[in-house]
file structure-v9.cif (mmCIF, C-alpha atoms)
data_work
#
loop_
_atom_site.label_atom_id
_atom_site.label_comp_id
_atom_site.auth_asym_id
_atom_site.auth_seq_id
_atom_site.Cartn_x
_atom_site.Cartn_y
_atom_site.Cartn_z
CA MET J 626 262.40 159.68 71.14
CA GLY J 627 263.96 158.21 67.96
CA ALA J 628 262.02 156.51 65.22
CA THR J 629 261.18 152.87 65.87
CA LEU J 630 261.23 150.00 63.41
CA ALA J 631 257.87 148.31 63.12
CA VAL J 632 257.37 145.39 60.74
CA ALA J 633 260.16 143.63 58.85
CA ASP J 634 259.77 141.14 56.01
CA ILE J 635 262.50 138.52 55.53
CA ALA J 636 263.60 137.08 52.19
CA HIS J 637 265.90 134.06 52.25
CA ASP J 638 267.24 134.45 48.71
CA GLY J 639 267.91 137.26 46.26
CA ALA J 640 265.10 136.40 43.87
CA ASP J 641 262.47 136.59 46.60
CA GLY J 642 264.02 139.75 48.00
CA LEU J 643 263.98 141.42 44.60
CA TRP J 644 260.33 140.52 44.02
CA ARG J 645 259.32 141.91 47.42
CA ALA J 646 261.32 145.11 46.93
CA LEU J 647 259.76 145.69 43.51
CA HIS J 648 256.20 145.19 44.76
CA GLU J 649 256.20 146.50 48.34
CA PRO J 650 256.75 150.14 49.42
CA TYR J 651 259.48 149.56 52.02
CA ASP J 652 260.98 152.43 54.02
CA VAL J 653 264.45 150.87 54.00
CA ILE J 654 266.07 147.64 52.74
CA VAL J 655 268.85 145.65 54.44
CA LEU J 656 270.64 143.68 51.74
CA ASP J 657 273.38 141.09 52.17
CA ILE J 658 275.84 140.63 49.33
CA MET J 659 276.05 136.85 49.76
CA LEU J 660 272.59 135.55 48.82
CA PRO J 661 271.45 132.43 46.95
CA GLU J 662 269.66 132.77 43.59
CA LEU J 663 270.70 136.40 43.04
CA SER J 664 273.55 138.18 44.79
CA GLY J 665 272.95 141.37 46.71
CA TYR J 666 274.84 143.21 43.97
CA GLU J 667 272.44 141.94 41.31
CA VAL J 668 269.37 142.71 43.43
CA LEU J 669 270.59 146.27 43.99
CA LYS J 670 271.46 146.75 40.33
CA ARG J 671 267.99 145.61 39.23
CA LEU J 672 266.25 147.78 41.81
CA ARG J 673 268.03 150.90 40.66
CA ALA J 674 267.47 150.00 37.01
CA ALA J 675 263.75 149.77 37.84
CA ARG J 676 263.95 153.27 39.39
CA ILE J 677 263.32 151.96 42.91
CA TRP J 678 265.10 154.48 45.14
CA THR J 679 264.30 152.92 48.53
CA PRO J 680 267.33 153.46 50.82
CA VAL J 681 269.52 150.34 50.88
CA LEU J 682 271.88 149.32 53.68
CA MET J 683 274.33 146.77 52.27
CA LEU J 684 275.97 144.15 54.49
CA THR J 685 279.54 143.45 53.40
CA ALA J 686 282.33 141.08 54.39
CA LYS J 687 284.75 141.98 57.15
CA ASP J 688 287.44 144.34 55.79
CA GLY J 689 285.76 144.10 52.39
CA GLU J 690 286.78 147.51 51.04
CA TYR J 691 286.11 146.45 47.46
CA ASP J 692 282.70 145.14 48.51
CA GLU J 693 281.94 148.51 50.07
CA ALA J 694 283.11 150.45 47.03
CA ASP J 695 281.13 148.28 44.62
CA ALA J 696 278.01 148.52 46.78
CA LEU J 697 278.17 152.32 46.82
CA ASP J 698 278.93 152.45 43.09
CA LEU J 699 275.82 150.37 42.39
CA GLY J 700 273.60 152.72 44.36
CA ALA J 701 273.67 151.57 47.99
CA ASP J 702 273.05 154.36 50.50
CA ASP J 703 275.06 152.90 53.38
CA TYR J 704 276.93 149.74 54.34
CA LEU J 705 277.95 147.76 57.40
CA SER J 706 280.89 145.38 57.60
CA LYS J 707 280.40 142.07 59.41
CA PRO J 708 280.40 141.43 62.28
CA PHE J 709 278.28 144.26 63.67
CA SER J 710 276.11 144.77 66.71
CA TYR J 711 272.33 145.07 66.71
CA VAL J 712 272.64 148.52 68.28
CA VAL J 713 274.83 149.78 65.41
CA LEU J 714 272.54 148.21 62.80
CA VAL J 715 269.47 149.94 64.23
CA ALA J 716 271.34 153.26 64.44
CA HIS J 717 272.23 153.04 60.74
CA LEU J 718 268.63 152.20 59.86
CA ARG J 719 267.34 155.16 61.87
CA ALA J 720 269.73 157.44 60.00
CA LEU J 721 268.50 156.14 56.64
CA LEU J 722 264.88 156.58 57.69
CA ARG J 723 265.56 160.19 58.66
CA ARG J 724 267.03 160.87 55.24
CA GLY J 725 264.19 159.21 53.36
CA ALA J 726 264.38 158.02 49.75
CA PRO J 727 266.94 160.01 47.77
CA ALA J 728 265.99 161.97 44.69
CA ARG J 729 266.67 160.37 41.33
CA PRO J 730 270.39 160.80 40.58
CA ALA J 731 271.31 163.23 37.82
CA LEU J 732 272.41 161.91 34.47
CA LEU J 733 275.93 162.56 33.22
CA THR J 734 276.09 163.65 29.59
CA ALA J 735 278.55 164.63 26.90
CA ASP J 736 276.73 165.68 23.74
CA ASP J 737 274.52 162.66 22.95
CA LEU J 738 276.43 160.31 25.29
CA THR J 739 274.39 159.70 28.46
CA VAL J 740 275.36 157.80 31.61
CA ASP J 741 272.93 156.96 34.41
CA PRO J 742 275.14 156.17 37.44
CA ALA J 743 272.36 154.66 39.56
CA ALA J 744 270.95 152.37 36.88
CA HIS J 745 274.42 151.63 35.44
CA ARG J 746 273.22 152.40 31.94
CA CYS J 747 275.05 154.06 29.09
CA ARG J 748 273.70 155.11 25.72
CA ARG J 749 274.71 157.12 22.69
CA GLY J 750 271.56 158.82 21.47
CA GLU J 751 268.93 156.10 21.62
CA ILE J 752 271.45 153.26 21.30
CA GLU J 753 272.19 151.34 24.52
CA ILE J 754 275.89 150.55 25.07
CA SER J 755 276.90 147.59 27.20
CA LEU J 756 279.87 148.30 29.47
CA THR J 757 281.67 146.15 32.01
CA ALA J 758 281.75 147.38 35.61
CA ARG J 759 285.30 148.75 35.21
CA GLU J 760 284.58 150.39 31.85
CA PHE J 761 281.51 152.03 33.39
CA ALA J 762 283.46 153.23 36.44
CA LEU J 763 286.18 154.69 34.22
CA LEU J 764 283.67 156.51 31.99
CA GLU J 765 281.74 157.84 34.99
CA TYR J 766 284.96 159.15 36.55
CA LEU J 767 285.99 160.93 33.35
CA LEU J 768 282.51 162.42 32.95
CA ARG J 769 282.54 163.76 36.49
CA HIS J 770 285.84 165.49 35.67
CA ALA J 771 284.93 166.57 32.15
CA GLY J 772 287.39 169.05 30.67
CA GLU J 773 290.10 168.13 33.18
CA VAL J 774 293.20 166.12 32.36
CA MET J 775 293.21 163.02 34.54
CA SER J 776 296.52 161.19 34.89
CA LYS J 777 296.74 157.42 34.83
CA THR J 778 297.66 157.55 38.52
CA ASP J 779 294.53 159.58 39.29
CA ILE J 780 292.42 157.04 37.47
CA LEU J 781 294.07 154.10 39.22
CA THR J 782 293.49 155.76 42.58
CA HIS J 783 289.77 156.34 42.02
CA VAL J 784 288.78 153.44 39.76
CA ARG J 785 290.44 150.47 41.34
CA ASP J 786 289.82 146.76 41.87
CA GLU J 787 291.55 143.52 40.94
CA HIS J 788 291.67 144.64 37.29
CA PHE J 789 293.37 147.93 38.20
CA ASP J 790 296.21 146.45 40.20
CA GLY J 791 298.75 149.29 40.17
CA ASP J 792 300.06 148.96 36.62
CA THR J 793 299.27 152.27 34.88
CA ASN J 794 299.35 150.55 31.49
CA ILE J 795 296.04 148.84 32.35
CA VAL J 796 294.38 152.28 32.21
CA GLU J 797 295.46 152.62 28.59
CA VAL J 798 293.94 149.23 27.86
CA TYR J 799 290.58 150.15 29.38
CA VAL J 800 290.51 153.54 27.66
CA GLY J 801 290.96 151.61 24.42
CA TYR J 802 288.05 149.33 25.31
CA LEU J 803 285.87 152.36 26.05
CA ARG J 804 286.73 154.12 22.81
CA ARG J 805 285.82 151.03 20.79
CA LYS J 806 282.37 151.04 22.43
CA ILE J 807 281.39 154.68 22.88
CA ASP J 808 283.34 156.44 20.11
CA THR J 809 284.54 154.32 17.18
CA PRO J 810 281.13 152.97 16.06
CA PHE J 811 279.71 156.52 16.12
CA GLY J 812 282.62 158.37 14.51
CA ARG J 813 283.31 160.32 17.72
CA ARG J 814 286.41 161.21 19.75
CA THR J 815 285.01 161.82 23.23
CA ILE J 816 288.12 160.73 25.15
CA GLU J 817 291.27 162.65 24.25
CA THR J 818 294.82 161.50 24.98
CA VAL J 819 296.94 164.32 26.37
CA ARG J 820 300.47 163.19 25.64
CA GLY J 821 302.57 162.77 28.75
CA ALA J 822 299.71 163.86 31.03
CA GLY J 823 296.74 161.49 30.80
CA TYR J 824 293.22 161.61 29.42
CA ARG J 825 290.54 164.26 29.08
CA LEU J 826 286.89 163.89 28.26
CA HIS J 827 285.85 166.78 26.04
CA SER J 828 284.65 169.78 28.03
CA THR J 829 281.33 169.81 26.13
CA ALA J 830 280.35 167.11 28.66
CA ARG J 831 277.96 168.36 31.32
#

call {"tool": "encode", "arguments": {"input": "structure-v9.cif", "output": "structure tokens"}}
result
Amino acid sequence: MGATLAVADIAHDGADGLWRALHEPYDVIVLDIMLPELSGYEVLKRLRAARIWTPVLMLTAKDGEYDEADALDLGADDYLSKPFSYVVLVAHLRALLRRGAPARPALLTADDLTVDPAAHRCRRGEIEISLTAREFALLEYLLRHAGEVMSKTDILTHVRDEHFDGDTNIVEVYVGYLRRKIDTPFGRRTIETVRGAGYRLHSTAR
């Protein structure tokens, strides 16, 4: 017989939910994006930054593909689009319980540049670098394909939201933003422009 769900705590706003998740050893967390006080996104981001790896099932809007992508990027383990049935919800929770809490995600590095995908943190040496969500997604994508030339079309396909709306020139803009944050202040040239082909993050990344 499958695992059964025993006791459930309910939080009516994000702030209360965050406090409970930080202080109680839950087996799984169901987290709605639309919450008062703190959004589900912010709750999830703070949990992962605090190294809380409890499996999270995120509830997203109907046909909310960007919601789903953002939830997974921030560290959610699964998602359900509204409306959904109780039977499907419980099946998803059982699956998460079987998997258990995931291991701490690996860091992505290139020399002294370090990116923590789950905590959404970036640093050069001991210096923390603040990146926007799109800058972070772009850097993470390049790090995961270190040494490979990624075309602007590739980047648009994999790092896409309202800011990446199909115009390949926007990629050039965001690469410029990234360079001014992760390279220029440190005298580095991590991201290389390959003329007529795209961008490559130096293969020393690992």

call {"tool": "resolve_selection", "arguments": {"input": "structure-v9.cif", "expression": "the PyMOL selection byres ((chain J and resi 736) around 12)", "output": "PyMOL selection string"}}
result
chain J and resi 733-735+737-740+748-750+768+771+807-808+813-815+826-831

call {"tool": "write_last_selection", "arguments": {"input": "structure-v9.cif", "atoms": "C-alpha atoms", "output": "short mmCIF file (atom, residue, chain, number, x, y, z; two decimals), in the coordinates of the input"}}
result
data_model
loop_
_atom_site.label_atom_id
_atom_site.label_comp_id
_atom_site.auth_asym_id
_atom_site.auth_seq_id
_atom_site.Cartn_x
_atom_site.Cartn_y
_atom_site.Cartn_z
CA LEU J 733 275.93 162.56 33.22
CA THR J 734 276.09 163.65 29.59
CA ALA J 735 278.55 164.63 26.90
CA ASP J 737 274.52 162.66 22.95
CA LEU J 738 276.43 160.31 25.29
CA THR J 739 274.39 159.70 28.46
CA VAL J 740 275.36 157.80 31.61
CA ARG J 748 273.70 155.11 25.72
CA ARG J 749 274.71 157.12 22.69
CA GLY J 750 271.56 158.82 21.47
CA LEU J 768 282.51 162.42 32.95
CA ALA J 771 284.93 166.57 32.15
CA ILE J 807 281.39 154.68 22.88
CA ASP J 808 283.34 156.44 20.11
CA ARG J 813 283.31 160.32 17.72
CA ARG J 814 286.41 161.21 19.75
CA THR J 815 285.01 161.82 23.23
CA LEU J 826 286.89 163.89 28.26
CA HIS J 827 285.85 166.78 26.04
CA SER J 828 284.65 169.78 28.03
CA THR J 829 281.33 169.81 26.13
CA ALA J 830 280.35 167.11 28.66
CA ARG J 831 277.96 168.36 31.32
#

call {"tool": "resolve_selection", "arguments": {"input": "structure-v9.cif", "expression": "the PyMOL selection byres ((chain J and resi 660) around 12)", "output": "number ranges by chain"}}
result
J: 636-643, 656-659, 661-669, 683-685

call {"tool": "atom_distance", "arguments": {"input": "structure-v9.cif", "atom1": "atom CA of J:Arg645", "atom2": "atom CA of J:Ala731"}}
result
26.3 Å

call {"tool": "atom_distance", "arguments": {"input": "structure-v9.cif", "atom1": "atom CA of J:Leu672", "atom2": "atom CA of J:Val655"}}
result
13.1 Å

call {"tool": "atom_distance", "arguments": {"input": "structure-v9.cif", "atom1": "atom CA of J:Gly821", "atom2": "atom CA of J:Met775"}}
result
11.0 Å
